[in-house]
Amino acid sequence: MDGTEITCVTIVTEYVLESRLVRDLAACGATGWTITEASGQGPRGRRVSEVEGGNIRVETLVSAEVAERIWDKLAAEYFPSYAVAAWSSKVLVARPERYGL
Amino acid sequence: MDGTEITCVTIVTEYVLESRLVRDLAACGATGWTITEASGQGPRGRRVSEVEGGNIRVETLVSAEVAERIWDKLAAEYFPSYAVAAWSSKVLVARPERYGL
Amino acid sequence: MDGTEITCVTIVTEYVLESRLVRDLAACGATGWTITEASGQGPRGRRVSEVEGGNIRVETLVSAEVAERIWDKLAAEYFPSYAVAAWSSKVLVARPERYGL
């Protein structure tokens, strides 16, 4: 596959934050995302899944610039206050124009 | 881990396409796949999750050759007609013979 | 994003193994994990999802050393006896201290 490299940002956080997070992703420039229900445990030892309806796992494919904006948003407004795990990786896509590239 | 590099293809699409997609993956040479229920939004702004039963997120680990065949299939028969997001990345596995390598 | 590279280990296996697997991950040194419900098919052709309550997909972000321990555990006690797919990849995280790095 002759794909174009793009950044995949994955965020796992509390279910109650879904609509706020999605709004923030869109504001940062993301054009799409995939959400799955999740459970789990974070480094603080709290079973987040037992708190307020479980977790969500959100994936979004974005340009490096948008990824940077998402990261800054998470660092400023999510990491200090909520149970959040987030990571990024490079993946290949066809049709990069769909993702603002 | 001394793993073997293999291609992980992830496809997010409409739930109603599950059995067709799985049949196509097998025909392309995939020997296994993992499916999770998903929701989300794509670049066209349509909330696919609200249409006909939500989305599925399908992962399959395959050789580069099989990945190429899957990609051609998606480009020919899925991308033009359906809400589909797809990407690929390199991952490491033990027991590469399970995946046709 | 100026992230730190870390190993993401993904394990797909039978739902009934969840508590045992989570206990083993913690014993290997993992500090958190994300679990989603899954279905699917493996190379042996058995639809694992139809057996005893479906599958789980577990992701954990760990140091290379912990990943190695998890891998040895899977190879010794899971691969020979259960339907298990497992793979690893490199991802970037902020706050690497959360993951024992």
# chains A, B, ... in the order shown; residues from 1 in each chain; ligands from 1
>>> select_by_dssp(residues="chain C", states="strand (DSSP E or B)", output="PyMOL selection string")
chain C and resi 4-14+33-41+55-62+84-93
>>> write_last_selection(atoms="N, CA, C and O atoms", output="compact mmCIF listing (two decimals), in the first residue's frame")
# COMPACT_ATOMS: atom_id res chain seq x y z
N THR C 4 7.60 10.25 24.70
CA THR C 4 8.56 9.21 25.02
C THR C 4 8.07 7.90 24.41
O THR C 4 6.90 7.56 24.55
N GLU C 5 8.97 7.18 23.77
CA GLU C 5 8.57 5.93 23.12
C GLU C 5 8.35 4.85 24.17
O GLU C 5 9.14 4.68 25.10
N ILE C 6 7.26 4.12 24.01
CA ILE C 6 6.90 3.08 24.96
C ILE C 6 6.28 1.94 24.16
O ILE C 6 5.89 2.12 23.01
N THR C 7 6.23 0.75 24.76
CA THR C 7 5.70 -0.41 24.05
C THR C 7 4.22 -0.60 24.37
O THR C 7 3.84 -0.64 25.54
N CYS C 8 3.40 -0.69 23.33
CA CYS C 8 1.98 -0.99 23.49
C CYS C 8 1.79 -2.47 23.14
O CYS C 8 2.02 -2.89 22.01
N VAL C 9 1.40 -3.26 24.14
CA VAL C 9 1.14 -4.69 23.91
C VAL C 9 -0.37 -4.88 23.83
O VAL C 9 -1.11 -4.45 24.73
N THR C 10 -0.84 -5.49 22.76
CA THR C 10 -2.27 -5.77 22.58
C THR C 10 -2.48 -7.28 22.61
O THR C 10 -1.76 -8.02 21.94
N ILE C 11 -3.45 -7.71 23.40
CA ILE C 11 -3.73 -9.13 23.56
C ILE C 11 -5.22 -9.36 23.34
O ILE C 11 -6.04 -8.70 23.97
N VAL C 12 -5.57 -10.26 22.45
CA VAL C 12 -6.97 -10.63 22.24
C VAL C 12 -7.13 -12.08 22.67
O VAL C 12 -6.41 -12.96 22.18
N THR C 13 -8.04 -12.31 23.60
CA THR C 13 -8.20 -13.68 24.08
C THR C 13 -9.62 -13.90 24.59
O THR C 13 -10.47 -13.03 24.46
N GLU C 14 -9.83 -15.07 25.18
CA GLU C 14 -11.18 -15.43 25.62
C GLU C 14 -11.58 -14.62 26.86
O GLU C 14 -10.78 -14.42 27.77
N TRP C 33 -4.20 -0.77 32.03
CA TRP C 33 -4.61 -1.49 30.82
C TRP C 33 -6.00 -1.00 30.44
O TRP C 33 -6.75 -0.48 31.27
N THR C 34 -6.32 -1.19 29.17
CA THR C 34 -7.62 -0.83 28.63
C THR C 34 -8.23 -2.09 28.03
O THR C 34 -7.58 -2.79 27.26
N ILE C 35 -9.47 -2.37 28.39
CA ILE C 35 -10.12 -3.59 27.93
C ILE C 35 -11.37 -3.23 27.14
O ILE C 35 -12.19 -2.42 27.59
N THR C 36 -11.52 -3.84 25.96
CA THR C 36 -12.77 -3.69 25.20
C THR C 36 -13.29 -5.08 24.85
O THR C 36 -12.51 -6.02 24.68
N GLU C 37 -14.59 -5.19 24.76
CA GLU C 37 -15.19 -6.46 24.34
C GLU C 37 -14.99 -6.63 22.85
O GLU C 37 -15.08 -5.68 22.09
N ALA C 38 -14.75 -7.86 22.44
CA ALA C 38 -14.47 -8.11 21.03
C ALA C 38 -15.03 -9.45 20.60
O ALA C 38 -15.39 -10.30 21.42
N SER C 39 -15.13 -9.62 19.30
CA SER C 39 -15.43 -10.93 18.75
C SER C 39 -14.40 -11.16 17.65
O SER C 39 -13.53 -10.33 17.42
N GLY C 40 -14.49 -12.28 16.98
CA GLY C 40 -13.52 -12.48 15.91
C GLY C 40 -13.25 -13.92 15.62
O GLY C 40 -13.93 -14.82 16.13
N GLN C 41 -12.27 -14.13 14.77
CA GLN C 41 -11.90 -15.48 14.38
C GLN C 41 -10.39 -15.55 14.34
O GLN C 41 -9.72 -14.61 13.92
N ASN C 55 -14.76 -12.50 23.37
CA ASN C 55 -13.34 -12.19 23.56
C ASN C 55 -13.17 -10.85 24.26
O ASN C 55 -14.09 -10.05 24.34
N ILE C 56 -11.96 -10.64 24.73
CA ILE C 56 -11.56 -9.31 25.17
C ILE C 56 -10.32 -8.89 24.40
O ILE C 56 -9.50 -9.73 23.99
N ARG C 57 -10.21 -7.58 24.22
CA ARG C 57 -9.03 -6.98 23.60
C ARG C 57 -8.40 -6.10 24.67
O ARG C 57 -9.04 -5.17 25.15
N VAL C 58 -7.21 -6.44 25.08
CA VAL C 58 -6.54 -5.75 26.18
C VAL C 58 -5.31 -5.03 25.65
O VAL C 58 -4.49 -5.63 24.96
N GLU C 59 -5.21 -3.75 25.96
CA GLU C 59 -4.02 -2.97 25.60
C GLU C 59 -3.32 -2.52 26.86
O GLU C 59 -3.97 -2.04 27.78
N THR C 60 -2.00 -2.63 26.88
CA THR C 60 -1.25 -2.11 28.02
C THR C 60 0.02 -1.43 27.52
O THR C 60 0.67 -1.92 26.60
N LEU C 61 0.32 -0.27 28.10
CA LEU C 61 1.53 0.47 27.73
C LEU C 61 2.59 0.21 28.78
O LEU C 61 2.37 0.49 29.97
N VAL C 62 3.71 -0.32 28.35
CA VAL C 62 4.72 -0.77 29.31
C VAL C 62 6.14 -0.51 28.79
O VAL C 62 6.35 -0.29 27.59
N VAL C 84 -5.34 -17.12 21.59
CA VAL C 84 -4.74 -15.84 21.95
C VAL C 84 -4.07 -15.23 20.73
O VAL C 84 -3.32 -15.92 20.04
N ALA C 85 -4.35 -13.99 20.46
CA ALA C 85 -3.56 -13.24 19.48
C ALA C 85 -2.90 -12.11 20.26
O ALA C 85 -3.51 -11.51 21.14
N ALA C 86 -1.66 -11.84 19.97
CA ALA C 86 -0.94 -10.80 20.70
C ALA C 86 0.05 -10.12 19.77
O ALA C 86 0.66 -10.78 18.92
N TRP C 87 0.16 -8.82 19.91
CA TRP C 87 1.14 -8.09 19.11
C TRP C 87 1.63 -6.88 19.88
O TRP C 87 1.01 -6.48 20.87
N SER C 88 2.75 -6.33 19.45
CA SER C 88 3.27 -5.14 20.12
C SER C 88 3.67 -4.10 19.10
O SER C 88 3.96 -4.42 17.94
N SER C 89 3.64 -2.85 19.53
CA SER C 89 4.06 -1.75 18.66
C SER C 89 4.64 -0.65 19.53
O SER C 89 4.48 -0.67 20.75
N LYS C 90 5.29 0.29 18.88
CA LYS C 90 5.85 1.42 19.61
C LYS C 90 4.92 2.61 19.48
O LYS C 90 4.46 2.92 18.39
N VAL C 91 4.63 3.25 20.61
CA VAL C 91 3.80 4.45 20.60
C VAL C 91 4.49 5.52 21.43
O VAL C 91 5.46 5.24 22.13
N LEU C 92 3.98 6.74 21.33
CA LEU C 92 4.54 7.85 22.10
C LEU C 92 3.58 8.28 23.19
O LEU C 92 2.36 8.39 22.95
N VAL C 93 4.11 8.51 24.38
CA VAL C 93 3.28 9.01 25.48
C VAL C 93 3.91 10.25 26.08
O VAL C 93 5.13 10.46 26.01
>>> select_by_dssp(residues="segment 67-99 of chain B", states="alpha helix (DSSP H)", output="PDB file with N, CA, C and O atoms, in the first residue's frame")
ATOM      1  N   ALA B  67      -2.199  -7.475   2.803  1.00  0.00           N
ATOM      2  CA  ALA B  67      -2.614  -6.098   3.089  1.00  0.00           C
ATOM      3  C   ALA B  67      -2.876  -5.343   1.794  1.00  0.00           C
ATOM      4  O   ALA B  67      -3.853  -4.590   1.680  1.00  0.00           O
ATOM      5  N   GLU B  68      -2.020  -5.568   0.831  1.00  0.00           N
ATOM      6  CA  GLU B  68      -2.175  -4.911  -0.475  1.00  0.00           C
ATOM      7  C   GLU B  68      -3.488  -5.324  -1.133  1.00  0.00           C
ATOM      8  O   GLU B  68      -4.221  -4.482  -1.675  1.00  0.00           O
ATOM      9  N   ARG B  69      -3.807  -6.602  -1.038  1.00  0.00           N
ATOM     10  CA  ARG B  69      -5.058  -7.095  -1.635  1.00  0.00           C
ATOM     11  C   ARG B  69      -6.274  -6.502  -0.922  1.00  0.00           C
ATOM     12  O   ARG B  69      -7.264  -6.129  -1.548  1.00  0.00           O
ATOM     13  N   ILE B  70      -6.197  -6.429   0.399  1.00  0.00           N
ATOM     14  CA  ILE B  70      -7.300  -5.828   1.172  1.00  0.00           C
ATOM     15  C   ILE B  70      -7.474  -4.370   0.767  1.00  0.00           C
ATOM     16  O   ILE B  70      -8.584  -3.881   0.550  1.00  0.00           O
ATOM     17  N   TRP B  71      -6.365  -3.695   0.653  1.00  0.00           N
ATOM     18  CA  TRP B  71      -6.416  -2.284   0.298  1.00  0.00           C
ATOM     19  C   TRP B  71      -7.063  -2.065  -1.066  1.00  0.00           C
ATOM     20  O   TRP B  71      -7.890  -1.158  -1.249  1.00  0.00           O
ATOM     21  N   ASP B  72      -6.683  -2.905  -2.025  1.00  0.00           N
ATOM     22  CA  ASP B  72      -7.266  -2.782  -3.375  1.00  0.00           C
ATOM     23  C   ASP B  72      -8.772  -3.046  -3.333  1.00  0.00           C
ATOM     24  O   ASP B  72      -9.547  -2.374  -4.015  1.00  0.00           O
ATOM     25  N   LYS B  73      -9.161  -4.019  -2.520  1.00  0.00           N
ATOM     26  CA  LYS B  73     -10.580  -4.352  -2.392  1.00  0.00           C
ATOM     27  C   LYS B  73     -11.360  -3.167  -1.804  1.00  0.00           C
ATOM     28  O   LYS B  73     -12.436  -2.800  -2.288  1.00  0.00           O
TER      29      LYS B  73
END
>>> atom_distance(atom1="atom CA of Ala30 of chain A", atom2="atom CA of Leu101 of chain C")
29.8 Å
>>> atom_distance(atom1="atom CA of Leu21 of chain B", atom2="atom CA of Glu77 of chain B")
10.3 Å
